[in-house]
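Note: the block below is entry-v6.txt and it holds compact mmCIF, C-alpha atoms.
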# COMPACT_ATOMS: atom_id res chain seq x y z
CA MET A 1 13.66 7.53 9.70
CA SER A 2 14.50 9.53 6.60
CA ASP A 3 17.32 12.06 6.59
CA ASN A 4 14.94 14.95 7.31
CA GLY A 5 13.10 13.30 10.22
CA VAL A 6 9.92 12.63 8.23
CA THR A 7 8.44 9.20 8.95
CA LYS A 8 5.42 9.14 6.64
CA VAL A 9 4.18 10.43 3.32
CA THR A 10 0.52 11.08 2.50
CA VAL A 11 -0.98 11.91 -0.88
CA GLN A 12 -4.60 12.43 -1.77
CA ARG A 13 -6.80 12.84 -4.81
CA VAL A 14 -10.47 12.93 -5.73
CA ILE A 15 -11.19 10.02 -8.05
CA GLU A 16 -14.22 10.09 -10.33
CA ALA A 17 -15.77 6.82 -9.23
CA PRO A 18 -18.14 5.70 -6.47
CA VAL A 19 -16.49 4.79 -3.17
CA ASP A 20 -17.53 1.12 -3.46
CA ALA A 21 -15.86 0.81 -6.88
CA VAL A 22 -12.59 2.26 -5.55
CA PHE A 23 -12.73 0.00 -2.47
CA ASP A 24 -13.38 -2.99 -4.73
CA ILE A 25 -10.06 -2.37 -6.54
CA LEU A 26 -8.06 -1.77 -3.37
CA SER A 27 -9.44 -4.81 -1.53
CA ASN A 28 -8.45 -7.13 -4.40
CA PRO A 29 -4.70 -7.86 -4.30
CA GLU A 30 -4.98 -9.25 -7.86
CA ARG A 31 -5.37 -5.61 -8.97
CA HIS A 32 -2.47 -4.14 -6.97
CA GLN A 33 0.12 -4.60 -9.73
CA ALA A 34 -1.99 -2.47 -12.09
CA ILE A 35 -2.11 0.43 -9.60
CA ASP A 36 1.46 0.16 -8.26
CA GLY A 37 3.35 3.38 -8.99
CA SER A 38 6.58 2.05 -7.44
CA GLY A 39 7.10 -0.69 -10.01
CA PHE A 40 7.99 -3.25 -7.31
CA ILE A 41 4.89 -5.49 -7.55
CA ARG A 42 5.20 -8.35 -10.05
CA GLY A 43 2.00 -10.19 -9.16
CA VAL A 44 0.10 -12.11 -6.54
CA ASP A 45 1.63 -15.19 -4.93
CA HIS A 46 -1.31 -15.94 -2.64
CA ALA A 47 -4.28 -13.70 -1.92
CA ASP A 48 -8.01 -13.61 -1.44
CA ARG A 49 -10.09 -10.46 -1.41
CA ILE A 50 -9.30 -8.51 1.77
CA GLN A 51 -12.25 -8.78 4.14
CA ASN A 52 -10.90 -8.65 7.70
CA VAL A 53 -8.12 -7.43 9.96
CA GLY A 54 -5.64 -10.26 10.55
CA GLU A 55 -5.66 -11.64 7.01
CA VAL A 56 -2.35 -12.03 5.17
CA PHE A 57 -1.78 -11.79 1.42
CA THR A 58 1.52 -12.55 -0.31
CA MET A 59 2.90 -10.67 -3.30
CA ASN A 60 5.73 -11.36 -5.75
CA MET A 61 8.02 -8.35 -5.86
CA GLU A 62 11.25 -7.17 -7.46
CA GLY A 63 13.61 -4.39 -6.47
CA ASP A 64 17.31 -3.60 -6.17
CA HIS A 65 16.83 -2.79 -2.46
CA MET A 66 16.19 -6.53 -1.90
CA GLY A 67 18.70 -7.84 -4.46
CA GLY A 68 16.11 -8.67 -7.13
CA GLU A 69 13.05 -10.90 -6.78
CA TYR A 70 11.43 -11.43 -3.38
CA LYS A 71 8.05 -12.06 -1.74
CA THR A 72 6.21 -9.98 0.82
CA ASP A 73 3.59 -10.96 3.36
CA ASN A 74 1.08 -8.19 3.93
CA HIS A 75 -0.67 -8.32 7.30
CA VAL A 76 -4.05 -6.53 7.22
CA THR A 77 -4.16 -4.07 10.14
CA GLY A 78 -7.18 -1.97 9.20
CA TYR A 79 -10.47 -2.74 7.49
CA ALA A 80 -13.73 -0.80 7.26
CA LYS A 81 -15.74 -1.49 4.09
CA ASP A 82 -15.69 1.45 1.68
CA LYS A 83 -13.71 3.56 4.21
CA LEU A 84 -10.36 2.07 5.24
CA LEU A 85 -7.75 -0.53 4.31
CA ALA A 86 -4.32 -0.87 5.90
CA TRP A 87 -1.56 -3.46 5.95
CA LYS A 88 1.96 -3.90 7.24
CA THR A 89 4.41 -5.32 4.72
CA THR A 90 7.27 -7.66 5.59
CA PRO A 91 9.64 -10.01 3.76
CA ALA A 92 7.72 -13.32 3.46
CA GLY A 93 7.93 -15.49 6.55
CA THR A 94 9.00 -12.73 8.96
CA GLU A 95 7.20 -10.44 11.39
CA PRO A 96 6.33 -6.94 10.15
CA PRO A 97 9.17 -4.52 11.00
CA GLY A 98 6.86 -1.53 11.26
CA TRP A 99 5.98 0.09 7.97
CA GLU A 100 2.35 0.34 6.98
CA TRP A 101 0.25 1.27 3.96
CA LEU A 102 -3.01 3.06 4.74
CA TRP A 103 -5.88 3.81 2.37
CA GLU A 104 -8.67 6.10 3.57
CA LEU A 105 -11.75 6.68 1.39
CA GLU A 106 -14.42 9.37 1.73
CA SER A 107 -17.40 9.51 -0.58
CA GLN A 108 -17.76 12.94 -2.17
CA GLY A 109 -21.12 12.10 -3.76
CA PRO A 110 -22.42 9.29 -5.95
CA ASN A 111 -19.48 9.33 -8.40
CA GLU A 112 -16.52 10.86 -6.56
CA THR A 113 -14.24 9.53 -3.85
CA LEU A 114 -11.53 11.32 -1.92
CA VAL A 115 -8.66 8.83 -1.60
CA ARG A 116 -5.92 9.44 0.95
CA HIS A 117 -2.92 7.10 0.68
CA THR A 118 -0.29 7.06 3.46
CA TYR A 119 3.06 5.26 3.58
CA ASP A 120 4.11 5.28 7.26
CA TRP A 121 7.42 3.94 8.55
CA SER A 122 7.29 5.68 11.95
CA LYS A 123 7.14 2.37 13.84
CA VAL A 124 10.33 0.92 12.29
CA THR A 125 12.81 0.65 15.17
CA ASP A 126 15.37 -1.84 13.81
CA LYS A 127 18.48 0.31 13.37
CA LYS A 128 20.08 -2.17 10.94
CA LEU A 129 16.95 -2.12 8.79
CA LEU A 130 16.83 1.67 8.91
CA GLU A 131 20.41 1.73 7.59
CA GLN A 132 19.71 -0.90 4.90
CA VAL A 133 16.43 0.52 3.62
CA LYS A 134 16.56 4.21 2.83
CA PHE A 135 13.08 5.40 3.80
CA PRO A 136 11.01 6.45 2.07
CA LEU A 137 11.60 3.53 -0.28
CA VAL A 138 8.56 4.66 -2.26
CA THR A 139 8.59 8.36 -3.10
CA GLU A 140 5.77 10.88 -2.93
CA ALA A 141 5.81 11.04 -6.76
CA GLN A 142 5.39 7.25 -6.93
CA LEU A 143 2.48 7.44 -4.47
CA GLU A 144 0.91 10.15 -6.65
CA ASP A 145 1.40 7.86 -9.67
CA THR A 146 -0.37 5.08 -7.75
CA LEU A 147 -3.38 7.36 -7.26
CA GLY A 148 -3.34 8.20 -10.97
CA ARG A 149 -3.28 4.51 -11.84
CA LEU A 150 -6.10 3.85 -9.36
CA ALA A 151 -8.17 6.60 -10.99
CA ALA A 152 -7.57 5.05 -14.44
CA GLN A 153 -8.56 1.58 -13.18
CA ALA A 154 -11.71 2.98 -11.54
CA ALA A 155 -12.68 4.71 -14.78
CA SER A 156 -12.37 1.57 -16.89

For the file at hand, write its structure as structure tokens.
Amino acid sequence: MSDNGVTKVTVQRVIEAPVDAVFDILSNPERHQAIDGSGFIRGVDHADRIQNVGEVFTMNMEGDHMGGEYKTDNHVTGYAKDKLLAWKTTPAGTEPPGWEWLWELESQGPNETLVRHTYDWSKVTDKKLLEQVKFPLVTEAQLEDTLGRLAAQAAS
């Protein structure tokens, strides 16, 4: 839990692109580094296009909070084509400790999509982890930057 009791952050933005084009970017882990506003993602270690709950994709990461370079396994927890993607992130080879990334998409017409992006750590119960990782590790401003990057990618 963060110091103020908040356990999730949600940002949203209307992106000028059809919902299927936005979903295409989000469901392709190869494109996640380009939209990452946190600066932690360095590239894909192993990933196919996300198509089902239960899939796992692995990313190469870097951050001081983990002492430099590390890998994450991302366990897909939500999938509805052109509507929803969600995954729980964990250090590679371990079980997810409880934080989740959620993307919700709503078509606003043929060329606009409302994108809601949530970073939720409400299910993290490991007290040692809560002391080690100062949630939110990714700030609201960084999530907003991610949406800006997503909008730029969708426009290109």

Centre and size of axis-aligned box enclosing region 101-111 of chain A plus 6 Å each side, as AutoDock Vina command-line options:
--center_x -11.1 --center_y 7.1 --center_z -1.8 --size_x 34.7 --size_y 23.7 --size_z 25.1

Please list as a ChimeraX atom specification every residue within 10 Å of Ala21 (chain A), counting all atoms listed in the file and excluding residues in the same chain fewer than 6 positions away. /A:82,111,113,153-155

Residue among A:Leu114, A:Ala152, A:Ala80, A:Val56 lying closest to Gly93 (chain A), counting all atoms listed in the file: A:Val56

Mind giving me the straight-line distance from CA of Trp101 (chain A) to CA of Asn52 (chain A) in Å, one decimal? 15.4 Å

Quick one: residues within 12 Å of Ala92 (chain A), only C-alpha atoms counted, chain neighbours fewer than 5 positions away excluded, as a PyMOL selection string? chain A and resi 45-46+56-61+69-75+97

Each residue of region 6-83 of chain A lying at most 9 Å from region 120-133 of chain A should get a row with its shortest atom-to-atom pair and the distance in Å to one decimal, counting all atoms listed in the file; could you produce that, ordered by chain and increasing number, as a tab-separated table?
residue	atom	partner	partner_atom	distance
A:Val6	CA	A:Ser122	CA	8.3
A:Thr7	CA	A:Ser122	CA	4.8
A:Lys8	CA	A:Asp120	CA	4.1
A:Val9	CA	A:Asp120	CA	6.5
A:Thr10	CA	A:Asp120	CA	8.3
A:His65	CA	A:Val133	CA	6.9
A:Met66	CA	A:Val133	CA	9.0

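Checking A:Arg149, A:Ser156, A:Gln12, A:Glu112 one by one against His32 (chain A), counting only C-alpha atoms, you find the shortest gap at A:Arg149.
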
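The interatomic distance for the pair CA of Val53 (chain A) and CA of Ala141 (chain A) works out to 28.5 Å.
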
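Atom pair CA of Arg116 (chain A) / CA of Leu102 (chain A): separated by 8.0 Å.
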